[in-house]
$ cat input.cif   # mmCIF, C-alpha atoms
data_coords
#
loop_
_atom_site.group_PDB
_atom_site.id
_atom_site.type_symbol
_atom_site.label_atom_id
_atom_site.label_comp_id
_atom_site.auth_asym_id
_atom_site.auth_seq_id
_atom_site.Cartn_x
_atom_site.Cartn_y
_atom_site.Cartn_z
ATOM 1 C CA MET A 1 115.117 31.739 180.498
ATOM 2 C CA ASN A 2 116.769 35.059 179.693
ATOM 3 C CA VAL A 3 119.369 36.198 182.224
ATOM 4 C CA LEU A 4 120.145 39.879 182.706
ATOM 5 C CA ALA A 5 123.599 40.493 181.249
ATOM 6 C CA VAL A 6 125.671 43.036 183.147
ATOM 7 C CA SER A 7 129.274 44.098 183.111
ATOM 8 C CA GLY A 8 131.669 43.530 186.002
ATOM 9 C CA TYR A 9 131.173 47.075 187.315
ATOM 10 C CA GLN A 10 127.392 46.774 187.042
ATOM 11 C CA ALA A 11 127.458 43.468 188.895
ATOM 12 C CA VAL A 12 129.455 45.032 191.759
ATOM 13 C CA GLY A 13 127.047 47.966 191.892
ATOM 14 C CA VAL A 14 124.001 45.699 191.992
ATOM 15 C CA GLY A 15 125.621 43.594 194.726
ATOM 16 C CA VAL A 16 126.393 46.646 196.883
ATOM 17 C CA GLY A 17 122.824 47.867 196.407
ATOM 18 C CA PHE A 18 121.398 44.553 197.601
ATOM 19 C CA LEU A 19 123.718 44.553 200.640
ATOM 20 C CA LEU A 20 122.616 48.073 201.613
ATOM 21 C CA LEU A 21 118.970 47.116 201.203
ATOM 22 C CA ALA A 22 119.454 44.008 203.339
ATOM 23 C CA ALA A 23 121.250 46.014 206.038
ATOM 24 C CA TRP A 24 118.434 48.546 206.105
ATOM 25 C CA VAL A 25 115.817 45.773 206.496
ATOM 26 C CA VAL A 26 117.804 44.205 209.362
ATOM 27 C CA PHE A 27 118.112 47.596 211.059
ATOM 28 C CA VAL A 28 114.366 48.199 210.818
ATOM 29 C CA VAL A 29 113.519 44.711 212.143
ATOM 30 C CA VAL A 30 115.971 44.913 215.076
ATOM 31 C CA ASN A 31 114.869 48.380 216.137
ATOM 32 C CA ALA A 32 111.187 47.560 215.745
ATOM 33 C CA GLY A 33 111.612 44.627 218.141
ATOM 34 C CA ARG A 34 113.277 46.636 220.908
ATOM 35 C CA PRO A 35 111.105 47.520 223.932
ATOM 36 C CA SER A 36 110.355 51.181 224.450
ATOM 37 C CA ARG A 37 112.312 52.955 227.181
ATOM 38 C CA PRO A 38 110.848 55.392 229.663
ATOM 39 C CA PRO A 39 111.858 59.076 229.580
ATOM 40 C CA GLY A 40 115.095 59.767 231.426
ATOM 41 C CA SER A 41 116.593 56.324 230.849
ATOM 42 C CA GLU A 42 119.148 57.851 228.534
ATOM 43 C CA ILE A 43 120.938 59.236 231.577
ATOM 44 C CA GLU A 44 122.177 55.720 232.402
ATOM 45 C CA ASP A 45 122.190 54.330 228.866
ATOM 46 C CA ALA A 46 123.925 57.080 226.858
ATOM 47 C CA PRO A 47 127.684 56.321 226.616
ATOM 48 C CA ASN A 48 128.617 59.946 227.261
ATOM 49 C CA ARG A 49 126.595 59.966 230.484
ATOM 50 C CA ARG A 50 128.041 56.824 232.037
ATOM 51 C CA VAL A 51 130.721 56.854 234.701
ATOM 52 C CA TYR A 52 134.066 56.188 233.025
ATOM 53 C CA LEU A 53 137.489 55.125 234.261
ATOM 54 C CA SER A 54 139.249 57.069 236.952
ATOM 55 C CA ASP A 55 142.326 59.111 236.123
ATOM 56 C CA ASP A 56 144.611 56.461 237.683
ATOM 57 C CA GLU A 57 143.105 53.660 235.577
ATOM 58 C CA LEU A 58 142.901 55.808 232.437
ATOM 59 C CA GLU A 59 146.558 56.848 232.596
ATOM 60 C CA THR A 60 147.938 53.396 233.490
ATOM 61 C CA LYS A 61 146.090 50.247 232.409
ATOM 62 C CA LYS A 62 144.034 51.864 229.641
ATOM 63 C CA LEU A 63 146.967 53.852 228.292
ATOM 64 C CA ASP A 64 149.274 50.808 228.444
ATOM 65 C CA ARG A 65 146.770 48.662 226.531
ATOM 66 C CA THR A 66 146.304 51.324 223.843
ATOM 67 C CA LEU A 67 150.037 51.819 223.471
ATOM 68 C CA GLY A 68 150.529 48.040 223.310
ATOM 69 C CA TRP A 69 148.012 47.646 220.491
ATOM 70 C CA GLY A 70 149.618 50.582 218.678
ATOM 71 C CA LEU A 71 153.037 48.951 219.022
ATOM 72 C CA LEU A 72 151.680 45.670 217.637
ATOM 73 C CA ALA A 73 150.092 47.510 214.713
ATOM 74 C CA LEU A 74 153.352 49.347 214.019
ATOM 75 C CA ALA A 75 155.311 46.066 214.147
ATOM 76 C CA PHE A 76 152.835 44.480 211.707
ATOM 77 C CA ILE A 77 153.229 47.390 209.274
ATOM 78 C CA ALA A 78 157.026 47.301 209.635
ATOM 79 C CA ILE A 79 157.046 43.622 208.622
ATOM 80 C CA ALA A 80 154.176 43.608 206.094
ATOM 81 C CA LEU A 81 155.363 46.531 203.968
ATOM 82 C CA PRO A 82 158.838 45.070 203.172
ATOM 83 C CA VAL A 83 157.213 41.701 202.421
ATOM 84 C CA TYR A 84 154.814 43.437 200.016
ATOM 85 C CA TRP A 85 157.659 45.402 198.414
ATOM 86 C CA LEU A 86 159.642 42.183 197.901
ATOM 87 C CA ARG A 87 156.707 40.685 196.005
ATOM 88 C CA GLU A 88 155.827 43.818 194.059
ATOM 89 C CA PRO A 89 158.333 43.501 191.144
ATOM 90 C CA GLN A 90 157.245 39.902 190.499
ATOM 91 C CA ARG A 91 153.585 40.856 190.770
ATOM 92 C CA GLN A 92 154.088 43.605 188.212
ATOM 93 C CA THR A 93 156.009 41.250 185.929
ATOM 94 C CA ASN A 94 153.247 38.637 186.191
ATOM 95 C CA ALA A 95 150.639 41.292 185.411
ATOM 96 C CA GLU A 96 152.563 42.365 182.301
ATOM 97 C CA ASN A 97 153.045 38.749 181.204
ATOM 98 C CA GLY A 98 149.350 38.105 181.674
ATOM 99 C CA PHE A 99 148.475 41.174 179.618
ATOM 100 C CA ASP A 100 150.877 40.083 176.867
ATOM 101 C CA LYS A 101 149.416 36.560 176.756
ATOM 102 C CA ARG A 102 145.869 37.905 176.483
ATOM 103 C CA SER A 103 146.988 40.300 173.738
ATOM 104 C CA VAL A 104 148.579 37.407 171.798
ATOM 105 C CA ALA A 105 145.385 35.364 172.149
ATOM 106 C CA ARG A 106 143.258 38.231 170.832
ATOM 107 C CA GLY A 107 145.715 38.781 167.971
ATOM 108 C CA ALA A 108 145.638 35.083 167.073
ATOM 109 C CA GLU A 109 141.862 35.286 166.881
ATOM 110 C CA LEU A 110 142.000 38.353 164.623
ATOM 111 C CA PHE A 111 144.602 36.670 162.395
ATOM 112 C CA GLN A 112 142.322 33.698 161.640
ATOM 113 C CA SER A 113 140.581 33.139 158.341
ATOM 114 C CA ALA A 114 137.523 35.294 157.740
ATOM 115 C CA LYS A 115 135.610 32.028 157.272
ATOM 116 C CA SER A 116 136.280 30.966 160.868
ATOM 117 C CA HIS A 117 133.238 30.389 163.065
ATOM 118 C CA LEU A 118 133.717 32.558 166.151
ATOM 119 C CA PRO A 119 131.352 33.384 169.025
ATOM 120 C CA PRO A 120 129.239 36.554 168.736
ATOM 121 C CA GLY A 121 131.273 39.658 169.435
ATOM 122 C CA HIS A 122 134.505 38.070 168.172
ATOM 123 C CA ILE A 123 135.905 38.832 164.722
ATOM 124 C CA ALA A 124 138.523 37.328 162.434
ATOM 125 C CA ALA A 125 140.193 39.843 160.125
ATOM 126 C CA GLY A 126 141.211 37.113 157.682
ATOM 127 C CA CYS A 127 144.989 37.646 157.634
ATOM 128 C CA ALA A 128 145.462 33.879 157.337
ATOM 129 C CA ASP A 129 143.530 33.849 154.047
ATOM 130 C CA CYS A 130 146.436 35.646 152.358
ATOM 131 C CA HIS A 131 149.484 35.007 154.540
ATOM 132 C CA GLY A 132 148.870 31.387 155.603
ATOM 133 C CA ASN A 133 147.478 30.090 158.877
ATOM 134 C CA LYS A 134 150.948 30.225 160.469
ATOM 135 C CA GLY A 135 152.157 33.357 158.696
ATOM 136 C CA GLN A 136 154.272 31.305 156.292
ATOM 137 C CA GLY A 137 153.012 33.194 153.222
ATOM 138 C CA GLY A 138 150.409 32.289 150.637
ATOM 139 C CA VAL A 139 148.582 33.210 147.451
ATOM 140 C CA VAL A 140 145.390 35.276 147.146
ATOM 141 C CA ASN A 141 143.065 35.967 144.234
ATOM 142 C CA PHE A 142 143.089 39.658 143.349
ATOM 143 C CA VAL A 143 141.581 41.882 140.654
ATOM 144 C CA MET A 144 143.639 44.758 139.221
ATOM 145 C CA GLN A 145 142.611 47.651 137.031
ATOM 146 C CA ASP A 146 144.167 47.507 133.579
ATOM 147 C CA PRO A 147 146.296 50.686 133.312
ATOM 148 C CA PHE A 148 146.062 50.709 129.508
ATOM 149 C CA GLU A 149 142.334 50.136 129.021
ATOM 150 C CA LYS A 150 139.839 51.962 131.239
ATOM 151 C CA GLY A 151 137.181 49.738 132.800
ATOM 152 C CA LYS A 152 139.047 46.518 132.110
ATOM 153 C CA VAL A 153 140.098 44.372 135.052
ATOM 154 C CA ILE A 154 142.795 41.712 135.291
ATOM 155 C CA PRO A 155 142.322 38.773 137.703
ATOM 156 C CA VAL A 156 145.638 37.567 139.136
ATOM 157 C CA ASN A 157 147.009 35.207 141.768
ATOM 158 C CA TRP A 158 149.012 37.458 144.086
ATOM 159 C CA THR A 159 151.822 35.974 146.185
ATOM 160 C CA ALA A 160 151.515 37.315 149.741
ATOM 161 C CA PRO A 161 154.745 37.545 151.795
ATOM 162 C CA SER A 162 155.546 35.499 154.886
ATOM 163 C CA LEU A 163 154.870 37.152 158.227
ATOM 164 C CA ASP A 164 156.726 34.744 160.505
ATOM 165 C CA ASP A 165 159.866 36.778 159.745
ATOM 166 C CA VAL A 166 158.330 40.238 159.206
ATOM 167 C CA LEU A 167 159.863 41.648 162.417
ATOM 168 C CA LEU A 168 163.266 40.526 161.185
ATOM 169 C CA ARG A 169 162.730 42.831 158.200
ATOM 170 C CA PHE A 170 160.836 45.743 159.777
ATOM 171 C CA ASP A 171 160.629 47.172 163.271
ATOM 172 C CA GLU A 172 157.333 47.245 165.184
ATOM 173 C CA SER A 173 156.480 50.850 164.295
ATOM 174 C CA GLU A 174 156.906 50.098 160.578
ATOM 175 C CA VAL A 175 154.739 46.975 160.810
ATOM 176 C CA LYS A 176 152.094 48.992 162.649
ATOM 177 C CA ASP A 177 152.192 51.623 159.906
ATOM 178 C CA ILE A 178 151.665 48.933 157.245
ATOM 179 C CA LEU A 179 148.750 47.422 159.182
ATOM 180 C CA ILE A 180 147.064 50.780 159.668
ATOM 181 C CA TYR A 181 147.504 52.205 156.156
ATOM 182 C CA GLY A 182 147.904 49.072 154.037
ATOM 183 C CA ARG A 183 149.957 48.721 150.844
ATOM 184 C CA PRO A 184 147.947 50.255 147.991
ATOM 185 C CA PRO A 185 147.500 49.177 145.245
ATOM 186 C CA THR A 186 148.303 45.641 146.460
ATOM 187 C CA PRO A 187 145.783 43.245 148.071
ATOM 188 C CA MET A 188 146.958 44.472 151.495
ATOM 189 C CA PRO A 189 144.157 46.825 152.662
ATOM 190 C CA ALA A 190 144.236 49.502 155.345
ATOM 191 C CA TRP A 191 143.156 47.858 158.606
ATOM 192 C CA GLY A 192 143.541 50.717 161.083
ATOM 193 C CA VAL A 193 140.832 53.297 161.755
ATOM 194 C CA ASP A 194 143.297 56.090 160.881
ATOM 195 C CA GLY A 195 143.797 54.504 157.468
ATOM 196 C CA GLY A 196 140.073 53.988 156.855
ATOM 197 C CA GLY A 197 139.954 50.407 158.162
ATOM 198 C CA ALA A 198 137.849 48.705 160.809
ATOM 199 C CA LEU A 199 140.369 47.886 163.558
ATOM 200 C CA GLY A 200 141.131 50.066 166.569
ATOM 201 C CA ASP A 201 144.565 50.761 167.961
ATOM 202 C CA GLN A 202 144.337 47.981 170.566
ATOM 203 C CA GLN A 203 143.395 45.435 167.892
ATOM 204 C CA ILE A 204 146.355 46.528 165.736
ATOM 205 C CA ASN A 205 148.630 46.114 168.777
ATOM 206 C CA ASP A 206 147.110 42.673 169.416
ATOM 207 C CA LEU A 207 147.949 41.620 165.855
ATOM 208 C CA ILE A 208 151.530 42.802 166.356
ATOM 209 C CA SER A 209 151.704 40.847 169.633
ATOM 210 C CA PHE A 210 150.626 37.719 167.777
ATOM 211 C CA LEU A 211 153.151 38.314 164.999
ATOM 212 C CA LYS A 212 155.886 38.667 167.631
ATOM 213 C CA SER A 213 154.869 35.304 169.076
ATOM 214 C CA ILE A 214 155.319 33.453 165.753
ATOM 215 C CA GLN A 215 158.626 35.012 164.628
ATOM 216 C CA ILE A 216 161.344 32.568 163.680
ATOM 217 C CA SER A 217 164.883 33.203 164.885
ATOM 218 C CA PRO A 218 167.512 34.892 162.675
ATOM 219 C CA LYS A 219 169.383 31.565 162.657
ATOM 220 C CA ASP A 220 166.335 29.731 161.287
ATOM 221 C CA ALA A 221 165.703 32.536 158.799
ATOM 222 C CA ARG A 222 169.232 32.327 157.421
ATOM 223 C CA ALA A 223 168.958 28.539 157.262
ATOM 224 C CA LYS A 224 165.790 28.892 155.192
ATOM 225 C CA HIS A 225 167.695 30.950 152.608
ATOM 226 C CA LYS A 226 171.107 29.265 152.842
ATOM 227 C CA ASP A 227 170.781 27.636 149.416
ATOM 228 C CA LEU A 228 170.414 31.017 147.683
ATOM 229 C CA SER A 229 173.771 32.248 146.455
ATOM 230 C CA GLY A 230 173.685 34.045 143.103
ATOM 231 C CA GLY A 231 172.883 37.750 143.030
ATOM 232 C CA GLU A 232 169.992 37.380 140.576
ATOM 233 C CA GLU A 233 168.524 34.460 142.534
ATOM 234 C CA LEU A 234 168.746 36.399 145.806
ATOM 235 C CA PHE A 235 167.303 39.524 144.182
ATOM 236 C CA ASN A 236 164.277 37.604 142.892
ATOM 237 C CA ALA A 237 163.691 36.031 146.302
ATOM 238 C CA MET A 238 164.115 39.188 148.400
ATOM 239 C CA CYS A 239 163.876 42.342 146.298
ATOM 240 C CA ALA A 240 161.856 41.715 143.137
ATOM 241 C CA ARG A 241 158.503 41.868 144.996
ATOM 242 C CA CYS A 242 158.918 45.655 145.262
ATOM 243 C CA HIS A 243 161.427 46.507 142.534
ATOM 244 C CA THR A 244 160.115 44.447 139.585
ATOM 245 C CA LEU A 245 156.674 45.241 138.170
ATOM 246 C CA GLY A 246 154.336 42.250 138.284
ATOM 247 C CA TRP A 247 156.654 39.921 140.213
ATOM 248 C CA SER A 248 154.009 39.075 142.846
ATOM 249 C CA TYR A 249 151.589 37.760 140.206
ATOM 250 C CA LYS A 250 153.959 36.779 137.386
ATOM 251 C CA ASP A 251 152.675 33.189 137.302
ATOM 252 C CA SER A 252 149.143 34.335 136.391
ATOM 253 C CA TYR A 253 149.819 37.506 134.392
ATOM 254 C CA GLN A 254 152.900 38.846 132.650
ATOM 255 C CA GLU A 255 153.258 42.611 132.780
ATOM 256 C CA PRO A 256 154.261 43.904 129.334
ATOM 257 C CA ASN A 257 157.791 45.284 129.138
ATOM 258 C CA ALA A 258 158.485 44.585 132.824
ATOM 259 C CA LEU A 259 162.224 44.444 133.499
ATOM 260 C CA PRO A 260 164.057 43.090 136.568
ATOM 261 C CA GLY A 261 164.670 45.959 138.970
ATOM 262 C CA GLY A 262 162.716 48.362 136.745
ATOM 263 C CA GLY A 263 160.697 49.666 139.682
ATOM 264 C CA ALA A 264 157.170 49.104 140.976
ATOM 265 C CA TYR A 265 156.381 49.671 144.647
ATOM 266 C CA GLY A 266 160.071 50.492 145.068
ATOM 267 C CA PRO A 267 162.229 52.721 142.843
ATOM 268 C CA ASN A 268 163.866 51.855 139.549
ATOM 269 C CA LEU A 269 167.298 50.268 140.090
ATOM 270 C CA ARG A 270 168.302 50.066 136.440
ATOM 271 C CA GLU A 271 170.311 52.275 134.050
ATOM 272 C CA GLY A 272 172.738 53.531 136.669
ATOM 273 C CA HIS A 273 170.141 54.709 139.210
ATOM 274 C CA THR A 274 171.569 52.425 141.888
ATOM 275 C CA VAL A 275 175.123 53.649 141.383
ATOM 276 C CA GLU A 276 173.888 57.243 141.316
ATOM 277 C CA GLN A 277 172.084 56.753 144.653
ATOM 278 C CA PHE A 278 174.960 54.803 146.212
ATOM 279 C CA PRO A 279 178.336 55.911 144.817
ATOM 280 C CA ASN A 280 179.943 53.985 147.680
ATOM 281 C CA VAL A 281 179.331 50.222 147.592
ATOM 282 C CA GLU A 282 179.594 49.848 151.361
ATOM 283 C CA ASP A 283 176.801 52.384 151.848
ATOM 284 C CA GLN A 284 174.498 50.225 149.724
ATOM 285 C CA VAL A 285 175.486 47.090 151.660
ATOM 286 C CA THR A 286 174.639 48.899 154.914
ATOM 287 C CA PHE A 287 171.320 50.132 153.520
ATOM 288 C CA ILE A 288 170.194 46.660 152.431
ATOM 289 C CA THR A 289 171.378 45.213 155.738
ATOM 290 C CA GLU A 290 169.575 47.734 157.959
ATOM 291 C CA GLY A 291 166.735 48.876 155.727
ATOM 292 C CA SER A 292 165.208 52.314 155.452
ATOM 293 C CA VAL A 293 164.847 54.164 158.769
ATOM 294 C CA TYR A 294 162.190 56.875 158.805
ATOM 295 C CA ALA A 295 163.670 60.361 158.149
ATOM 296 C CA LYS A 296 167.244 58.994 158.246
ATOM 297 C CA ASN A 297 169.583 59.878 155.373
ATOM 298 C CA PHE A 298 170.908 57.109 153.150
ATOM 299 C CA GLY A 299 173.191 57.102 150.138
ATOM 300 C CA ARG A 300 173.182 60.300 148.124
ATOM 301 C CA ARG A 301 170.366 62.617 149.257
ATOM 302 C CA GLY A 302 168.111 59.720 150.210
ATOM 303 C CA ILE A 303 165.577 60.163 153.039
ATOM 304 C CA GLY A 304 164.240 57.026 154.697
ATOM 305 C CA THR A 305 160.508 56.264 154.659
ATOM 306 C CA GLY A 306 160.548 53.003 156.645
ATOM 307 C CA HIS A 307 159.142 51.045 153.677
ATOM 308 C CA MET A 308 162.425 49.407 152.671
ATOM 309 C CA PRO A 309 163.007 46.321 154.855
ATOM 310 C CA GLY A 310 166.381 45.317 156.250
ATOM 311 C CA PHE A 311 167.767 41.876 155.385
ATOM 312 C CA GLY A 312 170.622 41.609 157.864
ATOM 313 C CA SER A 313 168.718 39.074 159.990
ATOM 314 C CA LEU A 314 167.685 36.977 156.973
ATOM 315 C CA LEU A 315 170.839 36.855 154.875
ATOM 316 C CA THR A 316 174.577 36.642 155.377
ATOM 317 C CA GLN A 317 176.845 39.540 154.424
ATOM 318 C CA ASP A 318 178.099 37.556 151.432
ATOM 319 C CA GLN A 319 174.523 37.131 150.173
ATOM 320 C CA ILE A 320 173.804 40.853 150.622
ATOM 321 C CA LYS A 321 177.004 41.738 148.756
ATOM 322 C CA ALA A 322 175.870 39.448 145.917
ATOM 323 C CA ILE A 323 172.577 41.386 145.714
ATOM 324 C CA VAL A 324 174.473 44.674 145.652
ATOM 325 C CA GLU A 325 176.712 43.454 142.840
ATOM 326 C CA TYR A 326 173.698 42.327 140.811
ATOM 327 C CA GLU A 327 171.754 45.570 141.320
ATOM 328 C CA ARG A 328 174.754 47.667 140.283
ATOM 329 C CA SER A 329 175.022 45.613 137.092
ATOM 330 C CA LEU A 330 171.447 46.283 135.926
#
$ encode --input "input.cif" --output "structure tokens"
Amino acid sequence: MNVLAVSGYQAVGVGVGFLLLAAWVVFVVVNAGRPSRPPGSEIEDAPNRRVYLSDDELETKKLDRTLGWGLLALAFIAIALPVYWLREPQRQTNAENGFDKRSVARGAELFQSAKSHLPPGHIAAGCADCHGNKGQGGVVNFVMQDPFEKGKVIPVNWTAPSLDDVLLRFDESEVKDILIYGRPPTPMPAWGVDGGGALGDQQINDLISFLKSIQISPKDARAKHKDLSGGEELFNAMCARCHTLGWSYKDSYQEPNALPGGGAYGPNLREGHTVEQFPNVEDQVTFITEGSVYAKNFGRRGIGTGHMPGFGSLLTQDQIKAIVEYERSL
């Protein structure tokens, strides 16, 4: 049997309508059953025609009772309001926690593989298909356009980055920007409506809430990379994805004439460009530690875009200095 589906507001409206209808029926039945009264009976029956209290009773017993009830009501308000105020901060905190938990749950659902079987009205964006079911990173099949031969495509296996440490590299606004506008021409598409994707602002925020819930601690992040020591090794693990052409798919396709640090998504770091941008070594160490901050100056005439991540929560200062030394040697 089909059941009429209504929203919460519609259900309340229908319920109020039924209550009003029932009250009207009761009123009609009660009044229809009352005996008719002869003309003039309203003189005794009408409340404004009845004999009321005398002045002595009205200004003593009646007044005392009314003042007593008013005093009790005032005492109740005086006690109830402070009790309510004492509970209010916790109530608000619980409401915010509840909202956050529901946002994480919705984000977890969106993050699932696109092959997941979800109830009607629920969608999975398929983030897990590229980045792993726990955000640990993964590999995705991707097709690139050959830049040297029009119409030719190159199938590759693209290494997708881990997301369980993405908020240790970027701040929330930068992650939101990446989710909305994507990372062309990588496999990362634009997900936000403003970037031409299918997800609304609340869904983007839900994904960020989920990512926040799976972030590892800086201590665990550094432990994961503690065995990396040499500048070249650290560069390949942290920087080559953006600064070396073809690094993300090097195991399936070798870009011709690609050089370490030669530039790709990020700028060319070779042939003195790094030293030219950062004449002062400490400025470069600070930049790699903190990352690019939108519209903030860095190095020599550099303006931050927010696309360069910061590695201060992932690596030690000695590891960052090793990267700096390697980049300045290219």
$ resolve_selection --input "input.cif" --expression "the PyMOL selection byres ((chain A and resi 168-182) around 10)" --output "JSON, numbers by chain"
{"A": [163, 164, 165, 166, 167, 183, 184, 185, 186, 187, 188, 189, 190, 191, 192, 193, 194, 195, 196, 197, 198, 199, 200, 201, 204, 205, 207, 208, 209, 211, 212, 215, 216, 217, 218, 221, 289, 290, 291, 292, 293, 294, 305, 306, 307, 308, 309, 310, 311, 312, 313, 314]}
$ axis_aligned_box --input "input.cif" --around "region 144-151 of chain A" --padding-each-side "3 Å" --output "JSON"
{"center_x": 141.7, "center_y": 48.4, "center_z": 134.1, "size_x": 15.1, "size_y": 13.2, "size_z": 16.2}
$ closest_residue --input "input.cif" --among "A:Cys130, A:Thr316, A:Ser252, A:Val30" --to "Val156 (chain A)" --atoms "all atoms listed in the file"
A:Ser252
$ atom_distance --input "input.cif" --atom1 "CA of Glu282 (chain A)" --atom2 "CA of Glu325 (chain A)"
11.0 Å
$ closest_residue --input "input.cif" --among "A:Thr93, A:Asn141, A:Gln277, A:Gln202" --to "Arg106 (chain A)" --atoms "only C-alpha atoms"
A:Gln202
$ build_atoms --input "input.cif" --residues "region 182-189 of chain A" --atoms "all heavy atoms" --output "compact mmCIF listing (two decimals), in the frame of the given file"
# COMPACT_ATOMS: atom_id res chain seq x y z
N GLY A 182 147.91 50.01 155.15
CA GLY A 182 147.90 49.07 154.04
C GLY A 182 149.04 49.28 153.06
O GLY A 182 149.98 50.04 153.33
N ARG A 183 148.93 48.61 151.90
CA ARG A 183 149.96 48.72 150.84
C ARG A 183 149.26 48.94 149.50
O ARG A 183 149.28 48.06 148.62
CB ARG A 183 150.77 47.43 150.78
CG ARG A 183 151.76 47.22 151.92
CD ARG A 183 152.99 48.05 151.76
NE ARG A 183 154.15 47.40 152.37
CZ ARG A 183 155.35 47.96 152.46
NH1 ARG A 183 155.55 49.15 151.93
NH2 ARG A 183 156.36 47.34 153.04
N PRO A 184 148.60 50.05 149.29
CA PRO A 184 147.95 50.26 147.99
C PRO A 184 148.99 50.36 146.88
O PRO A 184 150.09 50.90 147.13
CB PRO A 184 147.21 51.58 148.19
CG PRO A 184 147.95 52.28 149.29
CD PRO A 184 148.47 51.19 150.18
N PRO A 185 148.73 49.84 145.68
CA PRO A 185 147.50 49.18 145.24
C PRO A 185 147.62 47.65 145.26
O PRO A 185 147.23 46.98 144.29
CB PRO A 185 147.35 49.70 143.82
CG PRO A 185 148.79 49.78 143.35
CD PRO A 185 149.63 50.10 144.56
N THR A 186 148.18 47.09 146.32
CA THR A 186 148.30 45.64 146.46
C THR A 186 147.05 45.11 147.17
O THR A 186 146.20 45.88 147.62
CB THR A 186 149.55 45.29 147.28
OG1 THR A 186 149.29 45.56 148.67
CG2 THR A 186 150.76 46.10 146.84
N PRO A 187 146.94 43.78 147.34
CA PRO A 187 145.78 43.24 148.07
C PRO A 187 145.78 43.59 149.56
O PRO A 187 144.78 43.36 150.25
CB PRO A 187 145.93 41.72 147.89
CG PRO A 187 146.79 41.55 146.69
CD PRO A 187 147.72 42.70 146.71
N MET A 188 146.88 44.14 150.08
CA MET A 188 146.96 44.47 151.50
C MET A 188 146.16 45.74 151.76
O MET A 188 146.58 46.84 151.39
CB MET A 188 148.42 44.66 151.92
CG MET A 188 148.61 45.11 153.36
SD MET A 188 148.00 43.89 154.54
CE MET A 188 148.25 44.78 156.08
N PRO A 189 144.99 45.64 152.42
CA PRO A 189 144.16 46.82 152.66
C PRO A 189 144.60 47.58 153.91
O PRO A 189 145.43 47.10 154.69
CB PRO A 189 142.76 46.22 152.86
CG PRO A 189 143.05 44.90 153.52
CD PRO A 189 144.36 44.41 152.94
